[in-house]
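Here is the structure we will look at.
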Amino acid sequence: MPCFDRRQLLAGLAGAPLASLAGGSALAATPLAVPPLPLRQRRLANGLQVISLRAGGVGTVAINVWYRVGGKDDPEGRSGFAHLFEHLMFKGSAHMLPEQFDRLTEDVGGENNAFTAEDVTAYHAVVPSHHLERILWAEADRLASLRLDEANFRSERAVVQEEFRQRVLAEPYGRLFNAIPAAAYQRHPYRRPVIGSIEDLDAATLDDVRRFHATYYRPDNAVLIVTGDFDPAQLDAWVDRYFAPIARPATPVPRVDVAEPAWRSSRRQAVTGPSVPLPAVVAIWQGPKAGHPDVAALSVTQALLSSGESSRLNQSLVYRQRIAQAAAFQADPHTDAGAIFAYAIAAGRSTPQQLLPPLLAELRRLAQGPIPAEELDKVKTQMLTASLGARQSAQGLAEAIGWAVIHRNDPEAINRELAELQAVTAADVQRVLRQYVLGRPSTVLHYTQGRSARPRTPTRQESR
């Protein structure tokens, strides 16, 4: 939906009874009609995809560039390259000094950031609307002429390696969650964690980095998304001025074409860490890819099981049985394939072997027992409210458009997502649990203290 002002929002909700907003059963009977986003789309001769939406901000504009390159595209033996470029893109270009992009955004009251995922590396800036042109110029400049030298490479490689130390090695459960991708995929490059590894980054050279940039940082592999308060005709003129001259390479962009095989049997793996306060268990199943129709039902299933204090896993394992300090269920779909996992972190003297049966029992209870209408409507209303709230800002709209492009290869999918969410029924929730989880082959990880490490006094830990 567009970013509504107060009058538009009230008008859109006028046909929905109050109970639908408070979690009552009226939501299922009277779905909220959400007007479609009026997206403007064009593609330049060099292949750059441009999507714009004049909504979501008064006096501000969000400029996003999403590159179709993520952790799955890291070269073999060079995991972490996509993540590395998330940092290198801020180290200067032909006409910008290192960190000058920060000055163009933060010094005018705006902000910028970036992230790397399995399928994408995305950059965004939110600035006052009259600074739109200079951000478009800056994005085009660092796309066309990023400064890649030995000093920048070494400094940013050290930053990425330090992130690995902090997020994986220093966190009590960092090694466990870092082990999930390799357990969730047998062949697909999704099995390599996006954050990379210290060893692979140490083995990289500046020539490796330059080849990676030339391969993936090109206009025909990028999506420019502009949302907020801007003049469409002026935007088109600036895009033509700054992006159109960038040449399109003659060689095609390489794409991952590895198909993840169906699992035929279950596996169990031991994972250890030097400082594990309390044991944990993770159960992993194969799931659908991001564009599959079952993703909406799995998202609702995830909310029922692990969204908030009243969620089923929290109420059962943490509060009633008191065998876990944290428990969750997560559907994790990506563009090429997906995974589903559930985990529990022990409380007291519980072992991984003792945690798994009650964890699975709660999934069976949801799949086989009645789901009260009030419970289903509450989580769907929370999810709908969160989505509508995110789309009230220019950046929130841009992110929703970006994921529709990356995960479903269709920007217009954003205009179907909320209807798909509202259409999920209790029968859908139970069907996807039976189809993807119950009785299906799984990989189970047992996470315990390593033998060579000195045990620490158990303390209560928060879930990731």
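FYI, nothing fancy with the structure tokens labels: chains A, B, ... in order, residues from 1 per chain, ligands from 1 as they appear.
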message: Give me the residues near region 311-313 of chain A as a PyMOL selection string, where near means some atom within 12 Å (using only C-alpha atoms) and where sequence neighbours in that chain fewer than 2 positions away do not count.
response: chain A and resi 300-309+315-330+342-345+355+358-366+371+375-376+378-379
Per-residue nearest contacts region 335-364 of chain A to region 183-190 of chain A, cut-off 12 Å, using only C-alpha atoms, as JSON lines:
{"residue": "A:Thr335", "atom": "CA", "partner": "A:Tyr190", "partner_atom": "CA", "distance": 10.3}
{"residue": "A:Asp336", "atom": "CA", "partner": "A:His188", "partner_atom": "CA", "distance": 8.7}
{"residue": "A:Ala337", "atom": "CA", "partner": "A:His188", "partner_atom": "CA", "distance": 8.4}
{"residue": "A:Gly338", "atom": "CA", "partner": "A:Ala184", "partner_atom": "CA", "distance": 8.6}
{"residue": "A:Ala339", "atom": "CA", "partner": "A:Ala184", "partner_atom": "CA", "distance": 6.3}
{"residue": "A:Ile340", "atom": "CA", "partner": "A:Ala184", "partner_atom": "CA", "distance": 8.3}
{"residue": "A:Phe341", "atom": "CA", "partner": "A:Ala184", "partner_atom": "CA", "distance": 8.6}
{"residue": "A:Ala342", "atom": "CA", "partner": "A:Ala184", "partner_atom": "CA", "distance": 11.9}
CA of Asp428 (chain A) to CA of Gly369 (chain A), straight-line distance in Å: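 Pair CA of Gly369 (chain A) / CA of Asp428 (chain A) returns 13.2 Å.
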Considering only C-alpha atoms, return as a PDB file with N, CA, C and O atoms, in the first residue's frame whatever protein or nucleic-acid residues lie within 10 Å of His124 (chain A), sequence-local ones (same chain, fewer than 4 positions apart) excluded.
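As written to disk, result00.pdb reads:
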ATOM      1  N   ALA A  62      14.099   8.230  -0.156  1.00  0.00           N
ATOM      2  CA  ALA A  62      14.971   7.077   0.078  1.00  0.00           C
ATOM      3  C   ALA A  62      15.518   6.605  -1.260  1.00  0.00           C
ATOM      4  O   ALA A  62      14.751   6.403  -2.207  1.00  0.00           O
ATOM      5  N   ILE A  63      16.831   6.458  -1.330  1.00  0.00           N
ATOM      6  CA  ILE A  63      17.498   5.969  -2.540  1.00  0.00           C
ATOM      7  C   ILE A  63      18.155   4.641  -2.196  1.00  0.00           C
ATOM      8  O   ILE A  63      19.022   4.574  -1.319  1.00  0.00           O
ATOM      9  N   ASN A  64      17.723   3.574  -2.847  1.00  0.00           N
ATOM     10  CA  ASN A  64      18.267   2.237  -2.624  1.00  0.00           C
ATOM     11  C   ASN A  64      18.889   1.710  -3.907  1.00  0.00           C
ATOM     12  O   ASN A  64      18.326   1.896  -4.989  1.00  0.00           O
ATOM     13  N   VAL A  65      20.032   1.030  -3.762  1.00  0.00           N
ATOM     14  CA  VAL A  65      20.587   0.259  -4.874  1.00  0.00           C
ATOM     15  C   VAL A  65      20.802  -1.164  -4.369  1.00  0.00           C
ATOM     16  O   VAL A  65      21.582  -1.385  -3.441  1.00  0.00           O
ATOM     17  N   TRP A  66      20.035  -2.093  -4.938  1.00  0.00           N
ATOM     18  CA  TRP A  66      20.112  -3.504  -4.560  1.00  0.00           C
ATOM     19  C   TRP A  66      20.841  -4.250  -5.674  1.00  0.00           C
ATOM     20  O   TRP A  66      20.389  -4.256  -6.823  1.00  0.00           O
ATOM     21  N   GLU A 111      20.665   9.645   6.643  1.00  0.00           N
ATOM     22  CA  GLU A 111      21.384   8.472   7.122  1.00  0.00           C
ATOM     23  C   GLU A 111      21.584   7.509   5.972  1.00  0.00           C
ATOM     24  O   GLU A 111      20.920   7.601   4.943  1.00  0.00           O
ATOM     25  N   ASN A 112      22.525   6.585   6.161  1.00  0.00           N
ATOM     26  CA  ASN A 112      22.761   5.554   5.159  1.00  0.00           C
ATOM     27  C   ASN A 112      23.160   4.269   5.849  1.00  0.00           C
ATOM     28  O   ASN A 112      23.615   4.274   6.995  1.00  0.00           O
ATOM     29  N   ASN A 113      22.991   3.167   5.134  1.00  0.00           N
ATOM     30  CA  ASN A 113      23.391   1.882   5.681  1.00  0.00           C
ATOM     31  C   ASN A 113      23.431   0.869   4.544  1.00  0.00           C
ATOM     32  O   ASN A 113      23.088   1.205   3.397  1.00  0.00           O
ATOM     33  N   ALA A 114      23.827  -0.349   4.876  1.00  0.00           N
ATOM     34  CA  ALA A 114      23.894  -1.416   3.883  1.00  0.00           C
ATOM     35  C   ALA A 114      23.767  -2.742   4.599  1.00  0.00           C
ATOM     36  O   ALA A 114      23.983  -2.845   5.808  1.00  0.00           O
ATOM     37  N   PHE A 115      23.397  -3.787   3.850  1.00  0.00           N
ATOM     38  CA  PHE A 115      23.371  -5.134   4.415  1.00  0.00           C
ATOM     39  C   PHE A 115      23.664  -6.135   3.318  1.00  0.00           C
ATOM     40  O   PHE A 115      23.476  -5.863   2.132  1.00  0.00           O
ATOM     41  N   ILE A 135      22.908  12.295  -4.269  1.00  0.00           N
ATOM     42  CA  ILE A 135      23.002  10.885  -3.886  1.00  0.00           C
ATOM     43  C   ILE A 135      22.953   9.996  -5.121  1.00  0.00           C
ATOM     44  O   ILE A 135      23.676   8.986  -5.212  1.00  0.00           O
ATOM     45  N   GLU A 139      25.896   7.393  -5.981  1.00  0.00           N
ATOM     46  CA  GLU A 139      25.679   5.964  -6.210  1.00  0.00           C
ATOM     47  C   GLU A 139      26.208   5.553  -7.583  1.00  0.00           C
ATOM     48  O   GLU A 139      26.810   4.481  -7.733  1.00  0.00           O
ATOM     49  N   LEU A 224      17.766   0.053  -8.951  1.00  0.00           N
ATOM     50  CA  LEU A 224      17.679   1.360  -8.304  1.00  0.00           C
ATOM     51  C   LEU A 224      16.234   1.582  -7.886  1.00  0.00           C
ATOM     52  O   LEU A 224      15.323   1.532  -8.717  1.00  0.00           O
ATOM     53  N   ILE A 225      16.015   1.815  -6.590  1.00  0.00           N
ATOM     54  CA  ILE A 225      14.670   2.023  -6.045  1.00  0.00           C
ATOM     55  C   ILE A 225      14.650   3.393  -5.368  1.00  0.00           C
ATOM     56  O   ILE A 225      15.450   3.657  -4.467  1.00  0.00           O
ATOM     57  N   VAL A 226      13.745   4.253  -5.798  1.00  0.00           N
ATOM     58  CA  VAL A 226      13.615   5.585  -5.222  1.00  0.00           C
ATOM     59  C   VAL A 226      12.169   5.758  -4.743  1.00  0.00           C
ATOM     60  O   VAL A 226      11.236   5.588  -5.520  1.00  0.00           O
ATOM     61  N   GLN A 395      11.781   4.557   3.371  1.00  0.00           N
ATOM     62  CA  GLN A 395      12.725   3.446   3.377  1.00  0.00           C
ATOM     63  C   GLN A 395      12.003   2.112   3.556  1.00  0.00           C
ATOM     64  O   GLN A 395      12.386   1.106   2.955  1.00  0.00           O
ATOM     65  N   ALA A 398      10.730   1.131   0.235  1.00  0.00           N
ATOM     66  CA  ALA A 398      11.811   0.704  -0.651  1.00  0.00           C
ATOM     67  C   ALA A 398      12.274  -0.710  -0.321  1.00  0.00           C
ATOM     68  O   ALA A 398      12.536  -1.521  -1.222  1.00  0.00           O
ATOM     69  N   GLU A 399      12.375  -1.038   0.963  1.00  0.00           N
ATOM     70  CA  GLU A 399      12.795  -2.372   1.350  1.00  0.00           C
ATOM     71  C   GLU A 399      11.778  -3.422   0.914  1.00  0.00           C
ATOM     72  O   GLU A 399      12.150  -4.509   0.441  1.00  0.00           O
TER      73      GLU A 399
END
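Proximity to Ala331 (chain A) was assessed for A:Gln41, A:Ser299, A:Ser79, A:Asn415 counting only C-alpha atoms; the smallest distance is recorded for A:Ser299.
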